[in-house]
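This report concerns only the one structure given below.
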Amino acid sequence: MKIFDNLLSLFYPRMCVSCGDALQQNERHLCLHCQMHLPETHFHKDLENPLNLIFAGRVKVENVCSLLYYKKGNGVQHILHALKYKGQKELGSFLGEYYGRQLKLEPRFQTIDFIIPIPLHPDKERKRGYNQSEWIAKGLSAGMGKPYRTDVLVRTHYTETQTKKSRFSRWENVKEVFEVADADALRGRHVLVCDDVLTTGATMEAAIQKLHSAAECYVSVATLATAHG
Ligand SMILES: [Zn+2]
């Protein structure tokens with residue numbers, strides 16, 4: 001297997017998703033330099049972090065955190081791009097596990113019962129071949145030692161394309177795409193909803209609203225990256 005890997009890397013050199021340098025044999029996804037210099041937010045250690053403001057007065061959230069700062073043109077943008085559009089789904093579980101090991105140490109995240117990835121629209125998932133949020137959930141699950149479930153929050157179909165709509169109806173559209181398929185699983189539980197990136201928070205807010213309206217539960221949020229802060 002190792003010989004095969006070596007041969008393969010002769011023809012397809014493995015590259016760091018952040019800086020593009022060739023990876024050493026013991027490196028996965030990111031070179032050591034980029035791994036050491038990830039722009040981490042450490043928001044999970046801070047109750048009063050800027051991400052809480054996104055949801056303040058909109059929807060009840062216990063804890064909100066993101067692993068990395070996302071800025072246009074920085075390595076994190078390349079990481080997210082590789083995860084979503086370059087088929088590098090294992091990058092999601094790799095970084096998810098890295099983050100999960102950190103969250104495991106925080107008492108506020110130790111009460112999590114299970115992890116819920118933001119579901120992707122079925123058509124999109126078929127096209128992409130995977131849901132990147134599910135791969136992040138896999139990693140978080142391994143790092144935190146908590147299960148993840150994809151059968152609790154699901155997507156419903158929408159018919160019109162989002163691009164044709166105004167800003168307001170786009171929000172209305174987002175609101176209708178989630179459904180809770182197993183309310184009993186939620187009742188009285190503390191769940192961690194995960195996604196790749198947190199920007200306006202509209203999608204996340206819609207998902208959280210659905211969870212709250214389905215059953216009395218506690219919701220926390222963790223994403224790989226955020227444009228806030
Ligand atoms: Zn690198």
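Following the order of the structure tokens, first chain is A, next is B, and so on, with residues numbered from 1 inside each chain and ligands from 1 in the order they appear.
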Leaving out range 49-54 of chain A and any residue of its chain fewer than 2 positions from it, which residues lie within 9 Å of it when counting only C-alpha atoms, given as a ChimeraX atom specification? /A:43-47,56-58,61-66,198-201,226,228-229
Selection above as a file: N, CA and C atoms, as a CSV table (one decimal), in the first residue's frame:
```csv
chain,number,residue,atom,x,y,z
A,43,PHE,N,-12.9,30.7,20.2
A,43,PHE,CA,-14.2,31.2,20.7
A,43,PHE,C,-14.9,30.2,21.7
A,44,HIS,N,-14.6,29.0,21.5
A,44,HIS,CA,-15.2,28.0,22.4
A,44,HIS,C,-14.9,28.2,23.9
A,45,LYS,N,-13.8,28.9,24.1
A,45,LYS,CA,-13.4,29.2,25.5
A,45,LYS,C,-14.0,30.4,26.1
A,46,ASP,N,-14.7,31.2,25.2
A,46,ASP,CA,-15.2,32.5,25.5
A,46,ASP,C,-16.7,32.6,25.4
A,47,LEU,N,-17.4,32.7,26.5
A,47,LEU,CA,-18.9,32.8,26.5
A,47,LEU,C,-19.4,34.0,25.8
A,56,ALA,N,-28.3,36.9,18.8
A,56,ALA,CA,-29.0,37.6,19.9
A,56,ALA,C,-30.3,38.2,19.4
A,57,GLY,N,-31.3,37.9,20.2
A,57,GLY,CA,-32.7,38.5,19.9
A,57,GLY,C,-33.3,37.8,18.7
A,58,ARG,N,-32.7,36.8,18.1
A,58,ARG,CA,-33.3,36.1,17.0
A,58,ARG,C,-33.7,34.7,17.3
A,61,VAL,N,-29.7,30.3,21.7
A,61,VAL,CA,-28.6,29.4,21.4
A,61,VAL,C,-27.7,29.3,22.7
A,62,GLU,N,-27.3,28.2,23.1
A,62,GLU,CA,-26.5,28.0,24.3
A,62,GLU,C,-25.0,28.5,24.1
A,63,ASN,N,-24.3,27.9,23.1
A,63,ASN,CA,-23.0,28.3,22.8
A,63,ASN,C,-22.8,28.3,21.3
A,64,VAL,N,-22.0,29.3,20.9
A,64,VAL,CA,-21.7,29.4,19.4
A,64,VAL,C,-20.2,29.5,19.3
A,65,CYS,N,-19.6,28.7,18.4
A,65,CYS,CA,-18.2,28.8,18.2
A,65,CYS,C,-17.8,28.4,16.8
A,66,SER,N,-16.6,28.9,16.4
A,66,SER,CA,-16.0,28.5,15.1
A,66,SER,C,-14.6,28.3,15.3
A,198,LEU,N,-19.9,30.0,9.1
A,198,LEU,CA,-21.0,30.8,9.6
A,198,LEU,C,-20.8,32.3,9.1
A,199,THR,N,-21.7,32.7,8.3
A,199,THR,CA,-21.6,34.1,7.8
A,199,THR,C,-22.8,34.9,8.3
A,200,THR,N,-23.9,35.0,7.5
A,200,THR,CA,-25.0,35.8,8.0
A,200,THR,C,-25.8,35.0,9.1
A,201,GLY,N,-25.6,33.7,9.1
A,201,GLY,CA,-26.3,32.9,10.1
A,201,GLY,C,-27.8,32.6,9.8
A,226,THR,N,-15.6,31.1,10.4
A,226,THR,CA,-16.5,32.2,10.5
A,226,THR,C,-15.9,33.5,9.9
A,228,HIS,N,-16.9,36.4,11.0
A,228,HIS,CA,-17.0,37.4,12.1
A,228,HIS,C,-15.9,37.4,13.1
A,229,GLY,N,-15.7,38.5,13.7
A,229,GLY,CA,-14.7,38.6,14.8
A,229,GLY,C,-13.5,39.3,14.2
```
Give the residue list for ligand 1 at 8 Å, counting only C-alpha atoms and all ligand atoms, as a list in words, sorted by chain and then by residue number. Met15, Cys16, Val17, Ser18, Cys19, Gly20, Asp21, Leu23, Leu30, Cys31, Leu32, His33, Cys34 and Gln35 of chain A
Include C-alpha atoms and write out the residues we just selected as a PDB file, in the first residue's frame.
```pdb
ATOM      1  CA  MET A  15      -0.568  19.339  -1.845  1.00  0.00           C
ATOM      2  CA  CYS A  16      -1.354  21.394   1.230  1.00  0.00           C
ATOM      3  CA  VAL A  17      -4.922  22.681   0.789  1.00  0.00           C
ATOM      4  CA  SER A  18      -3.996  25.958   2.428  1.00  0.00           C
ATOM      5  CA  CYS A  19      -0.689  27.049   0.858  1.00  0.00           C
ATOM      6  CA  GLY A  20      -0.327  24.644  -2.074  1.00  0.00           C
ATOM      7  CA  ASP A  21       3.119  23.308  -1.075  1.00  0.00           C
ATOM      8  CA  LEU A  23       2.957  17.537   1.520  1.00  0.00           C
ATOM      9  CA  LEU A  30      -2.267  20.559   5.603  1.00  0.00           C
ATOM     10  CA  CYS A  31       1.481  21.023   5.791  1.00  0.00           C
ATOM     11  CA  LEU A  32       2.981  21.291   9.258  1.00  0.00           C
ATOM     12  CA  HIS A  33       3.570  25.019   8.862  1.00  0.00           C
ATOM     13  CA  CYS A  34      -0.082  25.740   7.992  1.00  0.00           C
ATOM     14  CA  GLN A  35      -1.280  23.438  10.767  1.00  0.00           C
TER      15      GLN A  35
END
```
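Interatomic distance, CA of Tyr98 in chain A against CA of Pro147 in chain A: 16.0 Å.
Take CA of Lys146 in chain A and CA of Arg187 in chain A: the distance between them is 17.1 Å.
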Long-range neighbours of Lys84 in chain A as a ChimeraX atom specification, 10 Å cut-off, only C-alpha atoms, 5 positions minimum in chain: /A:78-79,89,91-92,128,130-133,196
Export, as a compact mmCIF listing (two decimals), in the first residue's frame, the selected residues with N, CA and C atoms.
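Output file out-v1.txt is given in full below:
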```txt
# COMPACT_ATOMS: atom_id res chain seq x y z
N HIS A 78 -9.16 28.69 1.08
CA HIS A 78 -8.72 27.55 0.27
C HIS A 78 -9.18 26.23 0.91
N ILE A 79 -9.11 26.19 2.24
CA ILE A 79 -9.53 24.99 2.97
C ILE A 79 -11.02 24.72 2.71
N LYS A 89 -13.54 15.58 1.18
CA LYS A 89 -14.45 15.44 2.32
C LYS A 89 -13.73 15.06 3.61
N LEU A 91 -11.10 16.14 4.69
CA LEU A 91 -10.61 17.36 5.32
C LEU A 91 -11.61 17.83 6.38
N GLY A 92 -12.89 17.61 6.13
CA GLY A 92 -13.94 17.96 7.08
C GLY A 92 -13.83 17.15 8.36
N ARG A 128 -22.66 16.65 -5.60
CA ARG A 128 -21.36 16.74 -4.94
C ARG A 128 -20.85 15.37 -4.49
N TYR A 130 -21.41 14.10 -1.56
CA TYR A 130 -21.34 14.06 -0.09
C TYR A 130 -21.83 15.38 0.48
N ASN A 131 -22.13 15.37 1.77
CA ASN A 131 -22.47 16.58 2.49
C ASN A 131 -21.28 16.94 3.37
N GLN A 132 -20.66 18.07 3.10
CA GLN A 132 -19.44 18.44 3.84
C GLN A 132 -19.71 18.59 5.34
N SER A 133 -20.93 19.06 5.69
CA SER A 133 -21.26 19.22 7.12
C SER A 133 -21.32 17.87 7.84
N ASP A 196 -20.02 24.14 7.81
CA ASP A 196 -18.66 24.51 7.42
C ASP A 196 -18.33 25.95 7.76
```
Picked from range 108-209 of chain A by DSSP as strand (DSSP E or B), as a PyMOL selection string: chain A and resi 114-117+148+153-155+178-180+190-198
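Every protein or nucleic acid residue with an atom no more than 7 Å from Ile116 in chain A, counting only C-alpha atoms and leaving out same-chain residues fewer than 5 positions away, appears here: Ala137, Tyr148, Arg149, Thr150, Val191, Leu192, Val193 and Cys194 of chain A.
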Go ahead and save the picked residues with C-alpha atoms, as a PDB file, in the first residue's frame.
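Everything below was put into result.pdb:
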```pdb
ATOM      1  CA  ALA A 137     -19.965  16.025  12.189  1.00  0.00           C
ATOM      2  CA  TYR A 148     -23.910  12.321  15.350  1.00  0.00           C
ATOM      3  CA  ARG A 149     -27.322  11.939  13.714  1.00  0.00           C
ATOM      4  CA  THR A 150     -28.442  12.772  10.208  1.00  0.00           C
ATOM      5  CA  VAL A 191     -27.556  19.196  20.534  1.00  0.00           C
ATOM      6  CA  LEU A 192     -24.593  20.623  18.649  1.00  0.00           C
ATOM      7  CA  VAL A 193     -25.472  21.791  15.139  1.00  0.00           C
ATOM      8  CA  CYS A 194     -22.469  21.968  12.831  1.00  0.00           C
TER       9      CYS A 194
END
```
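Atom pair CA of Lys124 in chain A / CA of Ala225 in chain A: separated by 21.0 Å.
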Determine which residues of range 46-193 of chain A receive a DSSP assignment of helix (DSSP H, G or I), computed from the backbone, and state them as a PyMOL selection string. chain A and resi 51-55+75-85+89-103+107-110+122-128+132-144+162-164+167-176+183-186
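Around Val177 in chain A, within 10 Å and counting only C-alpha atoms, the residues found are Pro119, Leu120, His121, Val154, Arg155, Thr156, His157, Tyr158, Thr203, Ala206, Ala207 and Lys210 of chain A, once anything fewer than 6 positions away on its own chain is removed.
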Hey, can you spit out that residue selection with C-alpha atoms as an mmCIF file, in the first residue's frame?
```
data_model
loop_
_atom_site.group_PDB
_atom_site.id
_atom_site.type_symbol
_atom_site.label_atom_id
_atom_site.label_comp_id
_atom_site.auth_asym_id
_atom_site.auth_seq_id
_atom_site.Cartn_x
_atom_site.Cartn_y
_atom_site.Cartn_z
ATOM 1 C CA PRO A 119 -28.375 18.827 5.865
ATOM 2 C CA LEU A 120 -27.591 19.604 2.256
ATOM 3 C CA HIS A 121 -30.314 19.726 -0.346
ATOM 4 C CA VAL A 154 -33.739 16.925 7.253
ATOM 5 C CA ARG A 155 -34.257 19.065 4.168
ATOM 6 C CA THR A 156 -37.510 19.341 2.348
ATOM 7 C CA HIS A 157 -37.686 20.061 -1.337
ATOM 8 C CA TYR A 158 -38.073 23.502 -2.750
ATOM 9 C CA THR A 203 -29.394 29.101 7.389
ATOM 10 C CA ALA A 206 -33.675 28.597 10.303
ATOM 11 C CA ALA A 207 -32.375 25.203 11.404
ATOM 12 C CA LYS A 210 -37.087 24.308 13.491
#
```
Point out the residue among A:Val76, A:Leu186, A:Ala215, A:Ile115 with the least atom-to-atom distance to Met144 in chain A, counting only C-alpha atoms. A:Ile115
